[in-house]
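Trainee: This is structure_15.csv (CSV, C-alpha atoms).
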chain,number,residue,atom,x,y,z
A,1172,MET,CA,0.3,-13.7,-19.9
A,1173,GLN,CA,1.2,-14.5,-23.5
A,1174,ALA,CA,3.5,-11.4,-23.5
A,1175,ILE,CA,5.2,-12.6,-20.3
A,1176,GLU,CA,5.8,-16.0,-21.8
A,1177,GLU,CA,7.2,-14.5,-25.0
A,1178,GLY,CA,9.4,-12.1,-23.1
A,1179,THR,CA,7.9,-9.0,-24.6
A,1180,LEU,CA,6.3,-7.7,-21.4
A,1181,GLU,CA,8.6,-6.7,-18.4
A,1182,TYR,CA,7.6,-7.6,-14.9
A,1183,PHE,CA,7.2,-3.9,-13.8
A,1184,ASP,CA,5.4,-2.6,-16.9
A,1185,PRO,CA,2.2,-0.8,-16.0
A,1186,GLU,CA,0.3,-3.0,-18.4
A,1187,MET,CA,1.1,-5.9,-16.2
A,1188,TYR,CA,-0.1,-4.6,-12.8
A,1189,SER,CA,-3.2,-3.0,-14.4
A,1190,ASN,CA,-4.4,-6.6,-15.0
A,1191,PHE,CA,-4.3,-7.5,-11.3
A,1192,ASN,CA,-7.4,-8.3,-9.3
A,1193,THR,CA,-8.7,-10.4,-12.2
A,1194,GLU,CA,-7.9,-13.8,-10.4
A,1195,VAL,CA,-6.5,-15.0,-13.8
A,1196,LEU,CA,-3.2,-13.3,-13.7
A,1197,GLU,CA,-2.8,-14.1,-10.0
A,1198,GLU,CA,-3.3,-17.8,-10.7
A,1199,TYR,CA,-0.8,-17.7,-13.5
A,1200,LEU,CA,1.9,-15.9,-11.4
A,1201,GLU,CA,1.3,-18.3,-8.5
A,1202,GLU,CA,2.2,-21.3,-10.5
A,1203,LYS,CA,5.0,-19.5,-12.4
A,1204,THR,CA,6.6,-18.3,-9.1
A,1205,ARG,CA,6.2,-21.7,-7.4
A,1206,ALA,CA,8.2,-23.3,-10.2
A,1207,GLU,CA,10.8,-20.6,-10.8
A,1208,GLY,CA,10.9,-18.6,-7.6
A,1209,PHE,CA,13.7,-20.7,-6.0
A,1210,GLY,CA,16.0,-19.8,-8.8
A,1211,SER,CA,15.3,-16.1,-9.0
A,1212,THR,CA,16.0,-15.3,-5.3
A,1213,THR,CA,18.4,-16.8,-2.8
A,1214,TRP,CA,18.6,-16.3,1.0
A,1215,LYS,CA,21.5,-14.0,2.0
A,1216,TRP,CA,22.0,-12.9,5.6
A,1217,ASP,CA,23.4,-9.5,4.7
A,1218,GLN,CA,20.1,-8.6,2.9
A,1219,ILE,CA,18.0,-9.9,5.8
A,1220,MET,CA,20.1,-8.1,8.4
A,1221,LEU,CA,19.8,-4.8,6.5
A,1222,GLY,CA,16.0,-5.2,6.5
A,1223,LEU,CA,15.9,-6.1,10.2
A,1224,VAL,CA,17.9,-3.1,11.3
A,1225,ILE,CA,15.7,-0.7,9.3
A,1226,GLY,CA,12.6,-2.4,10.5
A,1227,ILE,CA,13.6,-2.1,14.2
A,1228,ILE,CA,14.1,1.6,13.8
A,1229,PHE,CA,10.7,1.9,12.2
A,1230,ALA,CA,9.1,-0.1,14.9
A,1231,VAL,CA,9.7,3.0,17.1
A,1232,ILE,CA,8.3,5.2,14.4
A,1233,ASN,CA,5.2,3.0,14.0
A,1234,GLN,CA,4.7,3.2,17.8
A,1235,TYR,CA,4.4,7.0,17.4
A,1236,VAL,CA,2.2,6.9,14.3
A,1237,GLY,CA,-0.1,4.3,15.9
A,1238,LEU,CA,-0.6,6.5,19.0
A,1239,LYS,CA,-0.9,9.7,16.9
A,1240,VAL,CA,-3.4,8.7,14.2
A,1241,GLY,CA,-4.8,5.4,15.4
A,1242,MET,CA,-3.4,3.3,12.5
A,1243,ILE,CA,-0.1,1.9,11.3
A,1244,VAL,CA,1.1,2.1,7.7
A,1245,SER,CA,4.4,0.5,7.0
A,1246,GLY,CA,7.0,2.9,5.6
A,1247,SER,CA,10.1,0.9,6.4
A,1248,TRP,CA,10.1,-0.9,3.1
A,1249,TYR,CA,10.6,2.4,1.3
A,1250,VAL,CA,13.8,3.0,3.2
A,1251,ALA,CA,14.9,-0.6,2.7
A,1252,TYR,CA,14.3,-0.3,-1.0
A,1253,LEU,CA,16.4,2.9,-1.2
A,1254,ALA,CA,19.2,1.3,0.8
A,1255,ALA,CA,19.2,-1.9,-1.2
A,1256,MET,CA,19.1,0.1,-4.5
A,1257,ALA,CA,22.1,2.0,-3.3
A,1258,LEU,CA,23.9,-1.3,-3.1
A,1259,ARG,CA,22.6,-2.2,-6.6
A,1260,TRP,CA,20.8,-5.3,-5.6
A,1261,THR,CA,18.5,-7.0,-8.0
A,1262,PRO,CA,14.7,-6.6,-7.6
A,1263,GLY,CA,14.4,-10.0,-5.9
A,1264,GLU,CA,17.1,-9.2,-3.4
A,1265,VAL,CA,15.5,-5.8,-2.7
A,1266,ASN,CA,12.2,-7.4,-2.2
A,1267,LEU,CA,13.7,-9.9,0.3
A,1268,SER,CA,15.3,-7.2,2.4
A,1269,ALA,CA,12.2,-5.0,2.3
A,1270,SER,CA,10.0,-7.9,3.4
A,1271,ALA,CA,12.3,-8.5,6.4
A,1272,SER,CA,12.1,-4.8,7.3
A,1273,THR,CA,8.3,-4.8,7.1
A,1274,GLY,CA,8.0,-7.8,9.4
A,1275,ALA,CA,10.4,-6.2,12.0
A,1276,SER,CA,8.7,-2.8,11.9
A,1277,MET,CA,5.3,-4.4,12.7
A,1278,VAL,CA,6.4,-6.0,16.0
A,1279,CYS,CA,4.8,-3.0,17.9
A,1280,THR,CA,1.4,-3.4,16.3
A,1281,GLY,CA,-0.2,-5.6,18.9
A,1282,PHE,CA,1.3,-3.6,21.8
A,1283,VAL,CA,0.5,-0.1,20.5
A,1284,PHE,CA,-3.2,-1.0,20.3
A,1285,THR,CA,-3.3,-3.0,23.5
A,1286,TYR,CA,-1.3,-1.2,26.3
A,1287,PRO,CA,-2.8,2.3,25.7
A,1288,ALA,CA,-6.2,0.7,26.0
A,1289,ILE,CA,-5.2,-0.7,29.4
A,1290,TYR,CA,-3.9,2.8,30.4
A,1291,LEU,CA,-7.3,4.3,29.5
A,1292,LEU,CA,-9.1,1.7,31.6
A,1293,ALA,CA,-6.8,2.7,34.5
A,1294,TYR,CA,-6.9,6.5,34.3
A,1295,SER,CA,-9.7,7.8,32.0
A,1296,SER,CA,-12.8,9.1,33.7
A,1297,LYS,CA,-14.8,7.6,30.9
A,1298,TYR,CA,-14.2,4.0,32.1
A,1299,ARG,CA,-15.2,4.0,35.8
A,1300,ASN,CA,-17.3,1.6,37.9
A,1301,PRO,CA,-20.5,3.0,39.5
A,1302,ASP,CA,-18.6,3.4,42.8
A,1303,GLY,CA,-16.0,5.7,41.1
A,1304,SER,CA,-13.2,3.1,40.9
A,1305,HIS,CA,-11.4,2.4,37.7
A,1306,LEU,CA,-11.7,-0.9,35.8
A,1307,VAL,CA,-7.9,-1.5,36.0
A,1308,ASP,CA,-5.6,-0.9,39.1
A,1309,ALA,CA,-3.1,1.8,38.1
A,1310,SER,CA,-0.5,0.2,40.4
A,1311,LEU,CA,-0.2,-2.7,38.0
A,1312,LEU,CA,1.1,-0.4,35.2
A,1313,LEU,CA,4.5,0.9,34.3
A,1314,PRO,CA,6.7,2.2,35.9
A,1315,ASP,CA,5.4,0.6,39.1
A,1316,SER,CA,4.8,-2.9,37.8
A,1317,TRP,CA,5.4,-5.0,34.7
A,1318,VAL,CA,2.3,-7.2,35.3
A,1319,LEU,CA,0.0,-5.7,32.7
A,1320,ALA,CA,2.8,-4.8,30.4
A,1321,GLY,CA,3.8,-8.4,30.4
A,1322,VAL,CA,0.2,-9.4,29.6
A,1323,ALA,CA,0.2,-7.0,26.7
A,1324,LEU,CA,3.5,-8.2,25.4
A,1325,VAL,CA,2.5,-11.9,25.6
A,1326,ALA,CA,-0.8,-11.1,23.9
A,1327,SER,CA,1.0,-9.2,21.1
A,1328,ILE,CA,3.5,-12.1,20.6
A,1329,LEU,CA,0.7,-14.7,20.4
A,1330,GLY,CA,-1.4,-12.5,18.2
A,1331,GLY,CA,1.5,-12.0,15.8
A,1332,MET,CA,2.1,-15.8,15.6
A,1333,LEU,CA,-1.6,-16.5,15.0
A,1334,GLY,CA,-1.6,-13.7,12.3
A,1335,VAL,CA,1.2,-15.4,10.5
A,1336,LEU,CA,-0.4,-18.8,10.7
A,1337,TYR,CA,-3.8,-17.5,9.5
A,1338,PHE,CA,-2.1,-15.7,6.6
A,1339,ILE,CA,-0.3,-18.9,5.5
A,1340,ILE,CA,-3.7,-20.6,5.5
A,1341,PHE,CA,-5.6,-17.8,3.8
A,1342,ARG,CA,-2.8,-16.5,1.5
A,1343,ARG,CA,-4.2,-18.4,-1.6
A,1344,VAL,CA,-7.7,-17.2,-0.9
A,1345,TRP,CA,-6.8,-13.5,-0.5
A,1346,LEU,CA,-4.0,-13.2,-3.1
A,1347,VAL,CA,-5.0,-15.7,-5.7
A,1348,GLU,CA,-8.6,-17.0,-5.7
A,1349,ASP,CA,-10.3,-13.8,-4.5
A,1350,PRO,CA,-7.5,-11.1,-4.5
A,1351,LEU,CA,-7.9,-8.1,-2.3
A,1352,PRO,CA,-7.1,-4.7,-3.8
A,1353,LEU,CA,-3.8,-3.3,-2.5
A,1354,PRO,CA,-3.8,0.5,-2.2
A,1355,GLY,CA,0.0,0.9,-2.0
A,1356,PHE,CA,0.7,-1.6,-4.8
A,1357,GLU,CA,1.6,1.0,-7.4
A,1358,ALA,CA,4.2,2.5,-5.0
A,1359,ASN,CA,5.7,-0.9,-4.4
A,1360,VAL,CA,5.9,-1.6,-8.2
A,1361,LYS,CA,7.5,1.8,-8.8
A,1362,LEU,CA,10.3,1.2,-6.3
A,1363,MET,CA,10.9,-2.3,-7.7
A,1364,ASP,CA,11.1,-0.7,-11.2
A,1365,ILE,CA,13.7,1.8,-9.8
A,1366,ALA,CA,15.6,-1.2,-8.4
A,1367,ARG,CA,15.6,-2.9,-11.8
A,1368,GLU,CA,16.9,0.3,-13.5
A,1369,THR,CA,19.6,0.7,-10.9
A,1370,SER,CA,20.8,-3.0,-11.1
A,1371,THR,CA,20.8,-2.9,-14.9
A,1372,GLY,CA,22.5,0.4,-15.3
A,1373,SER,CA,19.7,2.8,-16.0
A,1374,VAL,CA,21.1,5.1,-13.4
A,1375,GLU,CA,19.7,8.5,-14.6
A,1376,SER,CA,16.1,7.4,-14.4
A,1377,ALA,CA,16.6,5.7,-11.0
A,1378,ARG,CA,18.4,8.8,-9.7
A,1379,HIS,CA,15.5,11.0,-10.6
A,1380,SER,CA,13.0,8.7,-8.9
A,1381,ILE,CA,15.1,8.5,-5.8
A,1382,TRP,CA,15.5,12.3,-5.7
A,1383,LEU,CA,11.7,12.7,-5.7
A,1384,VAL,CA,11.3,10.2,-2.9
A,1385,GLY,CA,14.1,11.8,-0.9
A,1386,ILE,CA,12.8,15.4,-1.3
A,1387,SER,CA,9.3,14.4,-0.4
A,1388,THR,CA,10.5,12.7,2.7
A,1389,LEU,CA,12.5,15.7,3.7
A,1390,LEU,CA,9.7,18.2,3.2
A,1391,VAL,CA,7.1,16.0,5.1
A,1392,GLY,CA,9.6,15.5,7.9
A,1393,ILE,CA,10.1,19.2,8.3
A,1394,PHE,CA,6.4,19.9,8.3
A,1395,THR,CA,5.7,17.1,10.8
A,1396,PHE,CA,8.4,18.5,13.1
A,1397,LEU,CA,6.9,22.0,13.0
A,1398,ARG,CA,3.4,20.5,13.6
A,1399,ASP,CA,4.0,18.0,16.4
A,1400,PHE,CA,7.4,18.4,18.1
A,1401,PRO,CA,7.0,20.0,21.5
A,1402,VAL,CA,9.5,22.9,21.4
A,1403,PHE,CA,8.1,25.8,23.5
A,1404,SER,CA,7.0,25.7,27.1
A,1405,THR,CA,3.5,26.7,27.9
A,1406,GLY,CA,4.2,27.3,31.6
A,1407,ALA,CA,1.6,24.7,32.6
A,1408,VAL,CA,2.1,21.2,33.9
A,1409,ASP,CA,0.2,17.9,33.3
A,1410,PHE,CA,-1.3,15.5,35.7
A,1411,ALA,CA,2.1,13.9,36.5
A,1412,GLY,CA,3.7,17.4,37.1
A,1413,ASP,CA,5.7,17.4,33.9
A,1414,PRO,CA,5.8,20.7,32.0
A,1415,ILE,CA,3.5,20.9,29.0
A,1416,ARG,CA,5.2,22.0,25.8
A,1417,THR,CA,3.7,23.0,22.4
A,1418,SER,CA,4.8,22.8,18.8
A,1419,VAL,CA,6.0,25.6,16.5
A,1420,LEU,CA,2.7,25.8,14.6
A,1421,ASP,CA,0.6,25.8,17.7
A,1422,LYS,CA,2.8,28.5,19.2
A,1423,GLY,CA,2.4,30.6,16.0
A,1424,ALA,CA,-1.4,30.2,16.0
A,1425,HIS,CA,-1.5,31.3,19.6
A,1426,GLU,CA,0.7,34.3,19.0
A,1427,LEU,CA,-1.5,35.3,16.0
A,1428,GLY,CA,-4.7,34.9,17.9
A,1429,VAL,CA,-6.1,32.2,15.7
A,1430,SER,CA,-5.8,29.3,18.1
A,1431,ARG,CA,-9.6,29.0,17.9
A,1432,TYR,CA,-9.2,28.0,14.3
A,1433,TYR,CA,-6.1,25.9,14.4
A,1434,GLU,CA,-4.8,23.4,17.0
A,1435,GLY,CA,-2.6,20.3,16.8
A,1436,GLY,CA,-2.6,20.2,13.0
A,1437,ASP,CA,-6.4,20.8,12.7
A,1438,LEU,CA,-7.8,23.7,10.8
A,1439,MET,CA,-11.4,23.8,12.2
A,1440,VAL,CA,-14.6,25.7,12.9
A,1441,PRO,CA,-14.4,27.0,16.5
A,1442,PHE,CA,-16.0,24.8,19.1
A,1443,ASP,CA,-18.2,27.7,20.3
A,1444,SER,CA,-19.8,28.0,16.9
A,1445,GLY,CA,-23.4,27.1,16.6
A,1446,ILE,CA,-22.7,24.7,13.8
A,1447,THR,CA,-20.7,22.5,16.1
A,1448,ASN,CA,-23.9,21.3,17.7
A,1449,TYR,CA,-24.8,19.7,14.4
A,1450,THR,CA,-21.4,18.6,13.1
A,1451,TRP,CA,-17.8,19.3,13.5
A,1452,LEU,CA,-16.0,20.7,10.5
A,1453,GLY,CA,-12.2,20.5,10.3
A,1454,PHE,CA,-9.3,19.6,8.1
A,1455,GLU,CA,-6.3,17.9,9.5
A,1456,PHE,CA,-2.9,18.6,7.9
A,1457,THR,CA,-1.6,15.1,7.7
A,1458,PRO,CA,0.6,14.1,4.7
A,1459,LEU,CA,0.4,10.5,5.8
A,1460,MET,CA,-3.4,10.2,5.2
A,1461,GLY,CA,-3.0,12.2,2.0
A,1462,ALA,CA,-0.4,9.7,0.7
A,1463,ILE,CA,-2.7,6.8,1.5
A,1464,GLY,CA,-5.5,8.5,-0.4
A,1465,TRP,CA,-3.2,9.1,-3.3
A,1466,PHE,CA,-2.3,5.4,-3.5
A,1467,MET,CA,-6.0,4.3,-3.1
A,1468,LYS,CA,-7.2,6.6,-5.9
A,1469,PHE,CA,-10.5,8.5,-5.8
A,1470,ARG,CA,-12.9,5.6,-5.9
A,1471,VAL,CA,-11.4,3.5,-3.1
A,1472,ALA,CA,-10.6,6.6,-1.0
A,1473,MET,CA,-14.2,7.8,-1.4
A,1474,LEU,CA,-15.5,4.4,-0.3
A,1475,VAL,CA,-13.2,4.4,2.8
A,1476,SER,CA,-14.4,8.0,3.6
A,1477,LEU,CA,-18.1,7.2,3.3
A,1478,GLY,CA,-18.4,6.2,7.0
A,1479,THR,CA,-16.9,9.6,8.1
A,1480,PHE,CA,-19.3,11.5,5.8
A,1481,PHE,CA,-22.3,9.5,7.0
A,1482,THR,CA,-21.3,10.1,10.7
A,1483,TRP,CA,-20.7,13.8,10.5
A,1484,PHE,CA,-23.3,14.8,7.9
A,1485,VAL,CA,-26.2,12.4,8.8
A,1486,ILE,CA,-25.9,10.8,12.2
A,1487,THR,CA,-24.7,13.8,14.4
A,1488,PRO,CA,-27.1,16.3,12.9
A,1489,MET,CA,-30.0,14.0,13.3
A,1490,ALA,CA,-29.0,13.2,16.9
A,1491,TYR,CA,-29.1,16.9,17.7
A,1492,VAL,CA,-32.3,17.7,15.8
A,1493,PHE,CA,-34.2,14.9,17.5
A,1494,ASP,CA,-32.4,15.5,20.8
A,1495,TYR,CA,-31.4,11.8,21.0
A,1496,PRO,CA,-30.8,10.5,24.5
A,1497,PHE,CA,-27.5,8.6,25.0
A,1498,TYR,CA,-26.4,6.3,27.8
A,1499,TYR,CA,-23.6,7.6,29.9
A,1500,PRO,CA,-21.9,4.6,31.6
A,1501,ILE,CA,-20.2,6.7,34.4
A,1502,ASP,CA,-23.5,7.6,36.1
A,1503,GLY,CA,-25.7,4.9,34.5
A,1504,LEU,CA,-28.2,7.5,33.2
A,1505,TYR,CA,-29.5,8.7,29.9
A,1506,HIS,CA,-28.6,12.3,28.9
A,1507,ALA,CA,-29.9,14.5,26.1
A,1508,VAL,CA,-27.4,15.5,23.4
A,1509,SER,CA,-28.6,19.1,23.4
A,1510,ALA,CA,-27.6,19.5,27.0
A,1511,TYR,CA,-23.9,19.7,26.1
A,1512,PRO,CA,-21.9,22.4,24.3
A,1513,ALA,CA,-20.5,21.2,21.0
A,1514,ALA,CA,-23.2,18.5,21.0
A,1515,SER,CA,-21.9,16.9,17.9
A,1516,LEU,CA,-18.9,15.5,19.8
A,1517,LYS,CA,-21.2,13.7,22.3
A,1518,SER,CA,-23.3,12.5,19.3
A,1519,TYR,CA,-20.1,11.1,17.8
A,1520,SER,CA,-18.9,9.4,20.9
A,1521,TYR,CA,-22.1,7.9,22.3
A,1522,VAL,CA,-24.4,7.5,19.2
A,1523,ALA,CA,-22.3,7.1,16.1
A,1524,ARG,CA,-19.5,5.0,17.6
A,1525,PRO,CA,-21.9,2.2,18.9
A,1526,MET,CA,-23.6,2.2,15.5
A,1527,ALA,CA,-20.2,1.8,13.8
A,1528,ILE,CA,-19.3,-1.1,16.1
A,1529,GLY,CA,-22.5,-2.8,15.2
A,1530,ALA,CA,-21.9,-2.2,11.5
A,1531,ILE,CA,-18.4,-3.7,11.7
A,1532,LEU,CA,-19.7,-6.8,13.5
A,1533,GLY,CA,-22.5,-7.2,11.0
A,1534,GLY,CA,-20.3,-6.6,8.0
A,1535,GLY,CA,-17.7,-9.1,9.4
A,1536,ILE,CA,-20.2,-11.8,9.9
A,1537,THR,CA,-21.8,-11.2,6.5
A,1538,ALA,CA,-18.3,-11.4,4.9
A,1539,LEU,CA,-17.5,-14.7,6.6
A,1540,LEU,CA,-20.8,-16.2,5.4
A,1541,LYS,CA,-20.1,-14.9,1.9
A,1542,MET,CA,-16.7,-16.5,1.9
A,1543,ALA,CA,-17.9,-19.8,3.4
A,1544,PRO,CA,-17.6,-21.7,0.0
A,1545,VAL,CA,-14.0,-20.4,-0.3
A,1546,PHE,CA,-13.1,-21.8,3.1
A,1547,ARG,CA,-13.8,-25.3,1.8
A,1548,THR,CA,-10.9,-25.0,-0.6
A,1549,THR,CA,-8.6,-23.7,2.1
A,1550,ALA,CA,-9.6,-26.5,4.5
A,1551,ALA,CA,-8.9,-29.1,1.8
A,1552,ASP,CA,-5.5,-27.6,1.1
A,1553,VAL,CA,-4.6,-27.7,4.8
A,1554,ILE,CA,-5.8,-31.3,5.2
A,1555,ALA,CA,-3.9,-32.4,2.2
A,1556,ILE,CA,-0.7,-30.7,3.4
A,1557,PHE,CA,-0.8,-32.4,6.9
A,1558,GLY,CA,-2.2,-35.6,5.5
A,1559,GLY,CA,0.7,-36.2,3.2
A,1560,GLY,CA,0.5,-38.2,0.1
A,1561,ASP,CA,2.5,-39.0,-3.0
A,1562,ASP,CA,0.4,-37.2,-5.6
A,1563,ASP,CA,1.1,-33.6,-6.8
A,1564,VAL,CA,-2.3,-32.4,-5.5
A,1565,ALA,CA,-1.5,-33.4,-1.9
A,1566,ARG,CA,1.7,-31.4,-1.8
A,1567,ARG,CA,1.3,-28.5,-4.2
A,1568,ASP,CA,3.3,-26.4,-1.8
A,1569,TYR,CA,6.5,-28.5,-2.2
A,1570,VAL,CA,8.9,-28.4,-5.1
A,1571,ASP,CA,11.2,-31.5,-5.2
A,1572,GLY,CA,14.8,-30.7,-4.6
A,1573,GLU,CA,14.1,-27.1,-3.7
A,1574,GLY,CA,11.8,-27.0,-0.6
Could you quickly redo this structure as structure tokens?

Mentor:
Amino acid sequence: MQAIEEGTLEYFDPEMYSNFNTEVLEEYLEEKTRAEGFGSTTWKWDQIMLGLVIGIIFAVINQYVGLKVGMIVSGSWYVAYLAAMALRWTPGEVNLSASASTGASMVCTGFVFTYPAIYLLAYSSKYRNPDGSHLVDASLLLPDSWVLAGVALVASILGGMLGVLYFIIFRRVWLVEDPLPLPGFEANVKLMDIARETSTGSVESARHSIWLVGISTLLVGIFTFLRDFPVFSTGAVDFAGDPIRTSVLDKGAHELGVSRYYEGGDLMVPFDSGITNYTWLGFEFTPLMGAIGWFMKFRVAMLVSLGTFFTWFVITPMAYVFDYPFYYPIDGLYHAVSAYPAASLKSYSYVARPMAIGAILGGGITALLKMAPVFRTTAADVIAIFGGGDDDVARRDYVDGEG
């Protein structure tokens, strides 16, 4: 902090962001930005519009990623950074545009995790009533009806509004008083550093960094196309009568006779192997998850992966060894895990998953109880804001003459 005050430490120096998550630096930057932030960045519609256009394009991409891997990681701000840097905007202007792109790209988040669930309730055999009927009437779904699509859209909009409101309330808690680690923060800082170099004339260094980002994007895009894009016809049709197509890599695996070991981006032990009764071993070729792990570093990535390791190397083997009975909701009966081929998949679906749901609920409740003292500060800030007052404490969010 002394180096920042004296002007000897630049904003994007690694020595600066290595001191984050200490609560001290966050508090200092919070007050510094509150006083000086209005002068460092101004609202410009061309910057916002660039971010919105990029974000809308990535909303479609996020829809695909969410359906493919079950999670969404914003990548629009990378492109927004590169586009803004090409225009030689300052870091503050770049950040403004990238923030707009991130907000626009996330509009699909609520829908991508809501409407597919409704489809599963309407069509999947896993979610049937005892009489064989589905929990949701398929006639209420697209393209026949907009009824449930409208429900999902409204729920997504309301959820997004509540999310913004909640973050406004808890922003100080999560970013200042008890800061959360940000796995992708180093990448963000690196791109901001490139923006600074570009706007100040350090073109050679910025050009090298942009080249690395661009070539990585190109290579990953080519690989993902070969892995996922349906190019070749299989001669079969799906439930709706549409032709089923396969990707280049899947076609190659079939032609080479190794489709038992590779399918849909997964390099795996064949399902008919005896080991699959105990666990399922496979490696998914997914650059997206590899990049997330790279940003998280080993310790955080290992902590995130512990649940997977515990599931496949402890829970599923034990379920098979002890022949654990699981409840099957379709027929309302209990079945032995060992009665099924590739028993580990049943152990995962009907033993490990319910345990994980319980762990998430228990962990969430415990976390809320742990943070109870912090909520007192948050509630006091909200009451002070809406209660008004002339003292500085009552309106710490307001800077006279600025906003």

Trainee: Atom CA of Val1408 of chain A and atom CA of Leu1306 of chain A are how many Å apart?

Mentor: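 Computing the Euclidean distance for atom CA of Val1408 of chain A and atom CA of Leu1306 of chain A yields 26.1 Å.
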
Trainee: What gap, in Å, lies between atom CA of Ile1175 of chain A and atom CA of Thr1204 of chain A?

Mentor: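 Between atom CA of Ile1175 of chain A and atom CA of Thr1204 of chain A the gap works out to 12.6 Å.
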
Trainee: Might you pull out every residue within 7 Å of Ala1230 of chain A, with only C-alpha atoms counted and same-chain residues fewer than 2 positions away left off, and present them as a list in words?

Mentor: Gly1226, Ile1227, Ile1228, Ile1232, Asn1233, Gln1234, Ala1275, Ser1276, Met1277, Val1278 and Cys1279 of chain A

Trainee: Please, could you write that set of residues out with C-alpha atoms as a PDB file, in the coordinates of the input?

Mentor:
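Produced file selection.pdb, reproduced below:
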ATOM      1  CA  GLY A1226      12.600  -2.400  10.500  1.00  0.00           C
ATOM      2  CA  ILE A1227      13.600  -2.100  14.200  1.00  0.00           C
ATOM      3  CA  ILE A1228      14.100   1.600  13.800  1.00  0.00           C
ATOM      4  CA  ILE A1232       8.300   5.200  14.400  1.00  0.00           C
ATOM      5  CA  ASN A1233       5.200   3.000  14.000  1.00  0.00           C
ATOM      6  CA  GLN A1234       4.700   3.200  17.800  1.00  0.00           C
ATOM      7  CA  ALA A1275      10.400  -6.200  12.000  1.00  0.00           C
ATOM      8  CA  SER A1276       8.700  -2.800  11.900  1.00  0.00           C
ATOM      9  CA  MET A1277       5.300  -4.400  12.700  1.00  0.00           C
ATOM     10  CA  VAL A1278       6.400  -6.000  16.000  1.00  0.00           C
ATOM     11  CA  CYS A1279       4.800  -3.000  17.900  1.00  0.00           C
TER      12      CYS A1279
END

Trainee: With all atoms listed in the file as the atoms that count, which of A:Phe1394, A:Phe1410, A:Tyr1505, A:Tyr1433 lies nearest to Leu1459 of chain A?

Mentor: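 Of the candidates, the smallest distance to Leu1459 of chain A is held by A:Phe1394.
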
Trainee: Can you pull out every residue within 12 Å of Gly1321 of chain A, counting all atoms listed in the file, but drop anything in the same chain fewer than 3 positions away, and send it as a PyMOL selection string?

Mentor: chain A and resi 1282+1285-1286+1289+1311-1313+1316-1318+1324-1328
